[in-house]
file run_9.csv (CSV, C-alpha atoms)
chain,number,residue,atom,x,y,z
T,1051,MET,CA,17.8,5.2,0.4
T,1052,LYS,CA,14.1,4.5,0.5
T,1053,THR,CA,12.8,0.9,-0.1
T,1054,VAL,CA,9.8,0.1,-2.4
T,1055,LEU,CA,7.8,-3.0,-2.6
T,1056,VAL,CA,6.1,-3.6,-6.0
T,1057,THR,CA,3.4,-6.3,-5.9
T,1058,GLY,CA,3.1,-8.0,-9.3
T,1059,GLY,CA,6.6,-6.7,-10.1
T,1060,SER,CA,7.8,-9.4,-12.4
T,1061,ARG,CA,5.8,-8.5,-15.5
T,1062,GLY,CA,4.1,-5.8,-17.4
T,1063,ILE,CA,3.5,-2.5,-15.7
T,1064,GLY,CA,4.9,-3.7,-12.4
T,1065,LYS,CA,8.2,-4.7,-14.1
T,1066,ALA,CA,8.5,-1.2,-15.6
T,1067,ILE,CA,7.7,0.4,-12.3
T,1068,ALA,CA,10.3,-1.8,-10.5
T,1069,LYS,CA,13.0,-1.0,-13.1
T,1070,ASN,CA,12.3,2.7,-13.0
T,1071,LEU,CA,12.3,3.0,-9.2
T,1072,GLY,CA,15.5,0.9,-9.1
T,1073,LEU,CA,17.4,4.0,-10.2
T,1074,THR,CA,16.5,5.8,-6.9
T,1075,CYS,CA,15.3,3.1,-4.4
T,1076,ASN,CA,16.0,-0.3,-3.0
T,1077,VAL,CA,13.4,-2.5,-4.8
T,1078,ALA,CA,11.6,-5.6,-3.6
T,1079,VAL,CA,10.1,-7.2,-6.7
T,1080,GLY,CA,7.0,-9.0,-5.5
T,1081,TYR,CA,5.9,-12.1,-7.4
T,1082,SER,CA,3.2,-14.8,-7.0
T,1083,ASN,CA,4.0,-17.3,-9.7
T,1084,SER,CA,6.7,-16.0,-11.9
T,1085,LYS,CA,9.9,-16.3,-9.8
T,1086,GLU,CA,12.2,-16.6,-12.8
T,1087,GLN,CA,10.8,-13.5,-14.3
T,1088,ALA,CA,11.1,-11.7,-11.0
T,1089,ASP,CA,14.8,-12.8,-10.8
T,1090,GLU,CA,15.3,-11.4,-14.3
T,1091,VAL,CA,13.9,-8.0,-13.2
T,1092,VAL,CA,16.3,-8.1,-10.1
T,1093,ASP,CA,19.2,-8.8,-12.4
T,1094,GLU,CA,18.3,-5.9,-14.7
T,1095,ILE,CA,18.1,-3.5,-11.8
T,1096,LYS,CA,21.4,-4.7,-10.4
T,1097,THR,CA,23.0,-4.4,-13.8
T,1098,ALA,CA,21.9,-0.8,-14.0
T,1099,GLY,CA,23.6,-0.2,-10.6
T,1100,GLY,CA,20.6,-0.6,-8.2
T,1101,ASN,CA,19.7,-2.8,-5.3
T,1102,ALA,CA,16.9,-5.3,-5.6
T,1103,ILE,CA,15.6,-8.6,-4.3
T,1104,ALA,CA,12.8,-10.9,-5.5
T,1105,VAL,CA,10.2,-11.8,-2.8
T,1106,SER,CA,7.2,-14.1,-3.0
T,1107,ILE,CA,3.9,-12.5,-2.1
T,1108,ASP,CA,0.4,-13.9,-2.5
T,1109,VAL,CA,-1.9,-10.9,-1.8
T,1110,THR,CA,-4.9,-13.2,-1.2
T,1111,ASP,CA,-3.1,-14.7,1.8
T,1112,GLN,CA,-2.4,-12.4,4.9
T,1113,ASN,CA,0.4,-14.8,6.1
T,1114,SER,CA,2.1,-14.6,2.8
T,1115,VAL,CA,1.8,-10.8,2.9
T,1116,ASP,CA,3.2,-10.6,6.4
T,1117,GLU,CA,6.1,-13.0,5.5
T,1118,CYS,CA,6.9,-10.9,2.4
T,1119,PHE,CA,7.1,-7.7,4.5
T,1120,GLU,CA,9.3,-9.4,7.2
T,1121,THR,CA,11.7,-10.5,4.4
T,1122,VAL,CA,12.0,-7.0,3.0
T,1123,GLU,CA,12.3,-5.5,6.4
T,1124,ASP,CA,15.1,-7.9,7.3
T,1125,VAL,CA,17.1,-6.9,4.2
T,1126,TYR,CA,16.3,-3.2,3.9
T,1127,SER,CA,15.0,-2.4,7.4
T,1128,SER,CA,11.6,-0.9,6.2
T,1129,VAL,CA,9.1,-0.7,3.4
T,1130,ASP,CA,8.8,3.1,2.7
T,1131,ILE,CA,6.8,2.9,-0.5
T,1132,LEU,CA,4.2,0.4,-1.5
T,1133,ILE,CA,3.0,-0.1,-5.1
T,1134,ASN,CA,-0.2,-2.0,-5.1
T,1135,ASN,CA,0.0,-3.3,-8.6
T,1136,ALA,CA,-0.8,-7.0,-8.5
T,1137,GLY,CA,-4.0,-7.7,-10.3
T,1138,ILE,CA,-6.0,-10.3,-12.3
T,1139,THR,CA,-8.8,-10.3,-14.8
T,1140,LYS,CA,-11.6,-12.8,-15.2
T,1141,ASP,CA,-13.8,-11.2,-17.9
T,1142,ASN,CA,-17.3,-12.1,-18.8
T,1143,ILE,CA,-20.4,-10.2,-19.8
T,1144,PHE,CA,-22.2,-9.2,-16.6
T,1145,PRO,CA,-25.3,-11.4,-17.0
T,1146,ARG,CA,-23.0,-14.5,-17.3
T,1147,LEU,CA,-20.4,-13.5,-14.7
T,1148,LYS,CA,-20.0,-16.3,-12.2
T,1149,GLN,CA,-19.7,-15.3,-8.5
T,1150,GLU,CA,-16.5,-17.2,-8.1
T,1151,ASP,CA,-15.0,-15.0,-10.8
T,1152,TRP,CA,-16.4,-11.9,-9.1
T,1153,ASP,CA,-15.0,-13.0,-5.7
T,1154,SER,CA,-11.5,-13.9,-6.9
T,1155,VAL,CA,-11.0,-10.6,-8.8
T,1156,ILE,CA,-12.2,-8.6,-5.8
T,1157,ASP,CA,-10.1,-10.7,-3.4
T,1158,THR,CA,-6.9,-10.2,-5.4
T,1159,ASN,CA,-7.3,-6.7,-6.7
T,1160,LEU,CA,-9.1,-4.9,-3.9
T,1161,THR,CA,-8.8,-7.0,-0.7
T,1162,GLY,CA,-5.2,-7.8,-1.7
T,1163,SER,CA,-4.4,-4.1,-1.8
T,1164,PHE,CA,-6.1,-3.7,1.6
T,1165,ARG,CA,-3.9,-6.5,3.1
T,1166,ALA,CA,-0.7,-5.1,1.8
T,1167,SER,CA,-1.5,-1.5,2.6
T,1168,GLN,CA,-2.5,-2.2,6.2
T,1169,ARG,CA,0.7,-4.1,6.8
T,1170,ALA,CA,2.8,-1.4,5.1
T,1171,ILE,CA,1.2,1.4,7.1
T,1172,LYS,CA,2.4,-0.1,10.4
T,1173,GLY,CA,6.0,0.8,9.5
T,1174,MET,CA,5.1,4.0,7.7
T,1175,MET,CA,3.4,5.3,10.8
T,1176,LYS,CA,6.5,4.6,12.9
T,1177,ASN,CA,8.7,6.3,10.4
T,1178,LYS,CA,6.3,9.2,9.9
T,1179,TRP,CA,6.8,8.9,6.1
T,1180,GLY,CA,5.2,6.7,3.4
T,1181,ARG,CA,4.0,6.6,-0.1
T,1182,ILE,CA,1.2,4.2,-1.2
T,1183,ILE,CA,0.3,4.0,-4.9
T,1184,PHE,CA,-2.6,2.1,-6.2
T,1185,ILE,CA,-2.6,0.9,-9.8
T,1186,SER,CA,-6.2,1.2,-10.7
T,1187,SER,CA,-7.6,1.4,-14.3
T,1188,VAL,CA,-9.7,3.6,-16.5
T,1189,ALA,CA,-12.2,0.8,-16.2
T,1190,GLY,CA,-12.6,1.8,-12.5
T,1191,ILE,CA,-13.6,5.3,-13.6
T,1192,SER,CA,-15.6,4.6,-16.8
T,1193,GLY,CA,-16.5,0.9,-16.5
T,1194,ASN,CA,-15.6,-1.5,-19.3
T,1195,THR,CA,-17.8,-4.0,-21.1
T,1196,GLY,CA,-17.1,-7.5,-19.9
T,1197,GLN,CA,-15.2,-6.3,-16.8
T,1198,SER,CA,-17.8,-5.6,-14.1
T,1199,ASN,CA,-15.7,-7.4,-11.5
T,1200,TYR,CA,-12.4,-5.8,-12.6
T,1201,ALA,CA,-14.0,-2.3,-12.8
T,1202,ALA,CA,-15.6,-2.7,-9.4
T,1203,SER,CA,-12.3,-3.8,-7.9
T,1204,LYS,CA,-10.5,-0.9,-9.5
T,1205,ALA,CA,-13.1,1.6,-8.4
T,1206,GLY,CA,-12.9,0.3,-4.9
T,1207,LEU,CA,-9.2,1.1,-4.8
T,1208,ILE,CA,-10.1,4.8,-5.3
T,1209,GLY,CA,-12.2,4.9,-2.2
T,1210,LEU,CA,-9.6,3.1,-0.2
T,1211,ALA,CA,-6.8,5.4,-1.4
T,1212,LYS,CA,-8.8,8.6,-0.7
T,1213,THR,CA,-9.7,7.4,2.8
T,1214,ILE,CA,-6.1,6.4,3.6
T,1215,SER,CA,-5.0,9.9,2.4
T,1216,LYS,CA,-7.3,11.6,4.9
T,1217,GLU,CA,-6.5,9.3,7.8
T,1218,LEU,CA,-2.7,9.3,7.5
T,1219,GLY,CA,-1.8,12.6,5.8
T,1220,SER,CA,-0.8,14.0,9.2
T,1221,ARG,CA,1.9,11.4,9.3
T,1222,ASN,CA,3.5,12.3,6.0
T,1223,ILE,CA,1.9,9.3,4.3
T,1224,THR,CA,0.4,10.0,0.9
T,1225,SER,CA,-1.9,7.7,-1.0
T,1226,ASN,CA,-2.6,8.2,-4.7
T,1227,VAL,CA,-4.2,6.3,-7.6
T,1228,ILE,CA,-3.0,5.9,-11.1
T,1229,ALA,CA,-5.5,4.8,-13.7
T,1230,PRO,CA,-3.8,3.4,-16.7
T,1231,GLY,CA,-5.7,3.2,-20.0
T,1232,TYR,CA,-4.8,0.7,-22.7
T,1233,ILE,CA,-1.2,-0.4,-22.0
T,1234,GLU,CA,0.7,-2.9,-24.0
T,1235,THR,CA,1.1,-5.9,-21.6
T,1236,ASP,CA,0.2,-9.6,-21.2
T,1237,MET,CA,-3.1,-8.4,-19.8
T,1238,THR,CA,-4.1,-6.7,-23.1
T,1239,SER,CA,-2.2,-9.1,-25.5
T,1240,PHE,CA,-5.5,-10.9,-26.4
T,1241,LEU,CA,-6.7,-7.8,-28.3
T,1242,THR,CA,-6.7,-8.2,-32.1
T,1243,ASP,CA,-5.0,-5.6,-34.3
T,1244,GLU,CA,-8.4,-4.5,-35.4
T,1245,GLN,CA,-9.5,-4.0,-31.8
T,1246,LYS,CA,-6.3,-2.1,-31.1
T,1247,GLU,CA,-7.0,0.2,-34.0
T,1248,ASP,CA,-10.5,0.9,-32.7
T,1249,ILE,CA,-9.0,1.8,-29.3
T,1250,ILE,CA,-6.3,4.1,-30.8
T,1251,GLU,CA,-9.1,5.8,-32.7
T,1252,GLN,CA,-10.6,6.9,-29.3
T,1253,LEU,CA,-7.3,8.3,-28.0
T,1254,SER,CA,-5.9,11.9,-28.3
T,1255,ILE,CA,-2.4,10.5,-28.5
T,1256,LYS,CA,-2.5,8.0,-31.3
T,1257,ARG,CA,-0.7,5.0,-29.8
T,1258,VAL,CA,-1.3,2.3,-27.2
T,1259,GLY,CA,0.4,3.1,-23.9
T,1260,LYS,CA,3.7,1.6,-22.8
T,1261,PRO,CA,4.3,0.3,-19.2
T,1262,GLU,CA,7.0,3.0,-19.0
T,1263,ASP,CA,4.3,5.7,-19.3
T,1264,ILE,CA,2.8,4.4,-16.1
T,1265,ALA,CA,6.2,3.9,-14.4
T,1266,ASN,CA,7.2,7.6,-15.0
T,1267,MET,CA,4.1,8.7,-13.1
T,1268,VAL,CA,4.7,6.3,-10.3
T,1269,SER,CA,8.3,7.6,-9.9
T,1270,PHE,CA,7.0,11.1,-9.7
T,1271,LEU,CA,4.4,10.2,-7.0
T,1272,CYS,CA,7.0,8.4,-5.0
T,1273,SER,CA,9.4,11.3,-5.0
T,1274,ASP,CA,9.9,14.1,-2.5
T,1275,GLU,CA,8.7,16.5,-5.2
T,1276,SER,CA,5.1,15.1,-4.9
T,1277,GLU,CA,4.8,15.5,-1.1
T,1278,TYR,CA,1.8,17.9,-1.4
T,1279,ILE,CA,-0.2,15.5,-3.6
T,1280,THR,CA,-2.5,13.0,-1.9
T,1281,GLY,CA,-5.9,11.3,-2.4
T,1282,GLN,CA,-5.9,11.9,-6.1
T,1283,VAL,CA,-6.6,9.8,-9.2
T,1284,PHE,CA,-4.3,10.2,-12.2
T,1285,PRO,CA,-5.5,8.7,-15.5
T,1286,VAL,CA,-2.5,8.0,-17.7
T,1287,ASP,CA,-4.4,7.0,-20.8
T,1288,GLY,CA,-3.4,9.0,-23.9
T,1289,GLY,CA,-6.6,11.1,-23.4
T,1290,LEU,CA,-9.1,8.3,-23.3
T,1291,THR,CA,-11.1,9.7,-20.4
T,1292,THR,CA,-11.0,13.4,-21.3
Z,104,MET,CA,5.8,-7.3,35.9
Z,105,GLU,CA,4.9,-4.7,38.5
Z,106,VAL,CA,2.7,-1.7,37.7
Z,107,ASN,CA,5.5,0.8,38.1
Z,108,GLU,CA,7.6,-1.2,35.6
Z,109,VAL,CA,4.7,-1.1,33.1
Z,110,PHE,CA,4.4,2.6,33.7
Z,111,ASP,CA,8.1,3.1,32.9
Z,112,LYS,CA,7.8,1.2,29.6
Z,113,VAL,CA,4.6,3.1,28.7
Z,114,LYS,CA,6.3,6.4,29.5
Z,115,ASN,CA,9.3,5.5,27.3
Z,116,LEU,CA,6.9,4.6,24.4
Z,117,PHE,CA,5.1,7.9,24.7
Z,118,VAL,CA,8.4,9.8,24.7
Z,119,ASP,CA,10.2,7.8,22.0
Z,120,GLU,CA,7.3,7.1,19.6
Z,121,LEU,CA,5.2,10.2,20.0
Z,122,GLY,CA,7.8,12.8,21.1
Z,123,ILE,CA,5.8,13.8,24.2
Z,124,GLU,CA,7.8,15.5,26.9
Z,125,ALA,CA,8.6,13.1,29.7
Z,126,GLU,CA,7.4,15.2,32.6
Z,127,LYS,CA,3.9,15.4,31.1
Z,128,VAL,CA,3.5,11.6,31.2
Z,129,THR,CA,2.0,10.9,34.6
Z,130,MET,CA,-0.5,8.3,35.7
Z,131,GLU,CA,-3.2,11.0,35.9
Z,132,ALA,CA,-2.5,12.6,32.5
Z,133,LYS,CA,-5.4,12.5,30.1
Z,134,LEU,CA,-4.4,11.2,26.6
Z,135,GLU,CA,-6.3,13.6,24.5
Z,136,GLU,CA,-6.5,16.7,26.7
Z,137,ASP,CA,-3.1,16.7,28.5
Z,138,LEU,CA,-0.9,14.9,26.0
Z,139,ASP,CA,-2.6,16.2,22.9
Z,140,ILE,CA,-2.9,12.7,21.3
Z,141,ASP,CA,-5.4,12.5,18.4
Z,142,SER,CA,-7.4,9.4,17.5
Z,143,LEU,CA,-4.6,8.3,15.1
Z,144,GLY,CA,-2.1,8.9,17.9
Z,145,ILE,CA,-4.1,6.5,20.1
Z,146,VAL,CA,-3.8,3.9,17.4
Z,147,GLU,CA,-0.1,4.4,17.2
Z,148,VAL,CA,0.2,4.0,21.0
Z,149,VAL,CA,-1.8,0.8,20.9
Z,150,MET,CA,0.3,-0.6,18.1
Z,151,ALA,CA,3.4,0.3,20.0
Z,152,PHE,CA,2.0,-1.4,23.1
Z,153,GLU,CA,1.2,-4.5,21.1
Z,154,ASP,CA,4.7,-4.8,19.8
Z,155,GLU,CA,6.4,-3.9,23.1
Z,156,PHE,CA,4.4,-6.2,25.3
Z,157,GLU,CA,3.6,-8.9,22.6
Z,158,ILE,CA,-0.1,-8.8,23.3
Z,159,GLU,CA,-3.2,-8.1,21.3
Z,160,ILE,CA,-5.6,-5.3,22.4
Z,161,ASP,CA,-9.2,-5.3,21.2
Z,162,ASP,CA,-10.9,-2.0,20.3
Z,163,GLU,CA,-13.6,-2.8,23.0
Z,164,GLU,CA,-10.9,-2.8,25.7
Z,165,LEU,CA,-9.9,0.7,24.8
Z,166,THR,CA,-13.3,2.4,25.3
Z,167,ASP,CA,-12.7,3.1,29.0
Z,168,VAL,CA,-9.1,4.1,28.5
Z,169,GLY,CA,-8.8,7.9,28.8
Z,170,THR,CA,-5.7,8.4,31.0
Z,171,VAL,CA,-2.1,7.0,31.1
Z,172,GLY,CA,-3.0,5.3,34.4
Z,173,GLN,CA,-6.0,3.5,32.8
Z,174,ALA,CA,-3.7,2.3,29.9
Z,175,VAL,CA,-1.1,1.1,32.3
Z,176,ASN,CA,-3.7,-0.8,34.3
Z,177,LEU,CA,-5.1,-2.4,31.2
Z,178,LEU,CA,-1.7,-3.5,30.1
Z,179,HIS,CA,-0.8,-4.8,33.6
Z,180,SER,CA,-4.0,-6.9,33.6
Z,181,LYS,CA,-3.0,-8.5,30.3
Z,182,LEU,CA,0.5,-9.5,31.2
call {"tool": "encode", "arguments": {"input": "run_9.csv", "output": "structure tokens"}}
result
Amino acid sequence: MKTVLVTGGSRGIGKAIAKNLGLTCNVAVGYSNSKEQADEVVDEIKTAGGNAIAVSIDVTDQNSVDECFETVEDVYSSVDILINNAGITKDNIFPRLKQEDWDSVIDTNLTGSFRASQRAIKGMMKNKWGRIIFISSVAGISGNTGQSNYAASKAGLIGLAKTISKELGSRNITSNVIAPGYIETDMTSFLTDEQKEDIIEQLSIKRVGKPEDIANMVSFLCSDESEYITGQVFPVDGGLTT
Amino acid sequence: MEVNEVFDKVKNLFVDELGIEAEKVTMEAKLEEDLDIDSLGIVEVVMAFEDEFEIEIDDEELTDVGTVGQAVNLLHSKL
């Protein structure tokens, strides 16, 4: 059975991904602050008959990343699939954006994925098999008002994923990007009902996305059926970017 | 560790990690031409060396390494 590490796996999209992959993989639910919620996800996966552990990972700290991988490798022997999902937002209109908010979003969302991916690839190269999925955003494709830092970080993931796909395809390591649109999570909970209606207006499918919509795509891209797909960006957005 | 011991370990890594035929791994063998190791393969070899010998190898140290013998000598000098 393959083992997957989901960063930011205790909440929102990461939680849905962890639960879905729990049906077919050993799951390491990575968390930074929300240990209790990560434990709940582990319990839910176990109740459904799967194997899971909760593991602390601060993607802004290489030592924490290394310790996380060592823990998972001790329990399940390898990390075969990495889901780079951990991310933060610090929104402000660009002329007012503070550099510290730029730096922290880039460090978590983009450099954090670099740290985890580079560590993961060590084992994947040895095993000559691996799957890396980057959870980007439609903001990284189209931009989004008030999210220059977030959009830049999410666009950066696309270049990273495409390059990894070229360098490591010969070792059966694929690297793909999913770009969620508006998904109902804590990250979008600040939207008013009126704002949500405005968003739905722009969509072809007239509802806000669910974390499970993303998780289904992740599961496909982690499966053996997707072995010929690499270096691609998949918007899962109800038609927002068509 | 003696040079011939380093060579034996290096040979094992090439055979086990990269699936290269044992008889091809000689001190004179050229990594790219004789052993058909691509640039990513070199990275794999270096990472395997680092794990096996518990050392760190800088990219600059690799610029003059083109044969198995040169790799063995580099490793021997670092142990």
call {"tool": "closest_atom_pairs", "arguments": {"input": "run_9.csv", "of": "chain T", "to": "chain Z", "cutoff": "9 Å", "atoms": "only C-alpha atoms", "output": "Markdown table"}}
result
| residue | atom | partner | partner_atom | distance |
| --- | --- | --- | --- | --- |
| T:Lys1172 | CA | Z:Met150 | CA | 8.0 |
| T:Met1175 | CA | Z:Glu147 | CA | 7.3 |
| T:Lys1176 | CA | Z:Glu120 | CA | 7.2 |
| T:Glu1217 | CA | Z:Leu143 | CA | 7.6 |
| T:Leu1218 | CA | Z:Leu143 | CA | 7.9 |
call {"tool": "residues_around", "arguments": {"input": "run_9.csv", "residues": "Glu108 (chain Z)", "least_positions_apart": "5", "cutoff": "10 Å", "atoms": "all atoms listed in the file", "output": "VMD selection string"}}
result
chain Z and resid 113 to 114 175 179
call {"tool": "write_last_selection", "arguments": {"input": "run_9.csv", "atoms": "C-alpha atoms", "output": "compact mmCIF listing (two decimals), in the frame of the given file"}}
result
# COMPACT_ATOMS: atom_id res chain seq x y z
CA VAL Z 113 4.60 3.10 28.70
CA LYS Z 114 6.30 6.40 29.50
CA VAL Z 175 -1.10 1.10 32.30
CA HIS Z 179 -0.80 -4.80 33.60
call {"tool": "atom_distance", "arguments": {"input": "run_9.csv", "atom1": "CA of Ala1211 (chain T)", "atom2": "CA of Lys1148 (chain T)"}}
result
27.6 Å
call {"tool": "closest_residue", "arguments": {"input": "run_9.csv", "among": "T:Ser1220, T:Thr1292, T:Asn1266, T:Asn1159", "to": "Ala1202 (chain T)", "atoms": "only C-alpha atoms"}}
result
T:Asn1159
call {"tool": "residues_around", "arguments": {"input": "run_9.csv", "residues": "Asn1222 (chain T)", "least_positions_apart": "4", "cutoff": "8 Å", "atoms": "all atoms listed in the file", "output": "ChimeraX atom specification"}}
result
/T:1178-1180,1218,1277
call {"tool": "residues_around", "arguments": {"input": "run_9.csv", "residues": "Phe1270 (chain T)", "least_positions_apart": "3", "cutoff": "12 Å", "atoms": "all atoms listed in the file", "output": "list in words"}}
result
Ile1067, Asn1070, Leu1071, Thr1074, Arg1181, Ile1183, Asn1226, Ile1228, Asp1263, Ile1264, Ala1265, Asn1266, Met1267, Ser1273, Asp1274, Glu1275, Ser1276, Glu1277, Tyr1278, Ile1279 and Phe1284 of chain T
call {"tool": "residues_around", "arguments": {"input": "run_9.csv", "residues": "Phe110 (chain Z)", "least_positions_apart": "5", "cutoff": "10 Å", "atoms": "only C-alpha atoms", "output": "VMD selection string"}}
result
chain Z and resid 105 115 to 116 128 to 130 171 to 172 174 to 176 178 to 179
call {"tool": "closest_residue", "arguments": {"input": "run_9.csv", "among": "T:Thr1235, T:Asn1134, T:Ser1082, T:Ser1060", "to": "Asp1108 (chain T)", "atoms": "only C-alpha atoms"}}
result
T:Ser1082
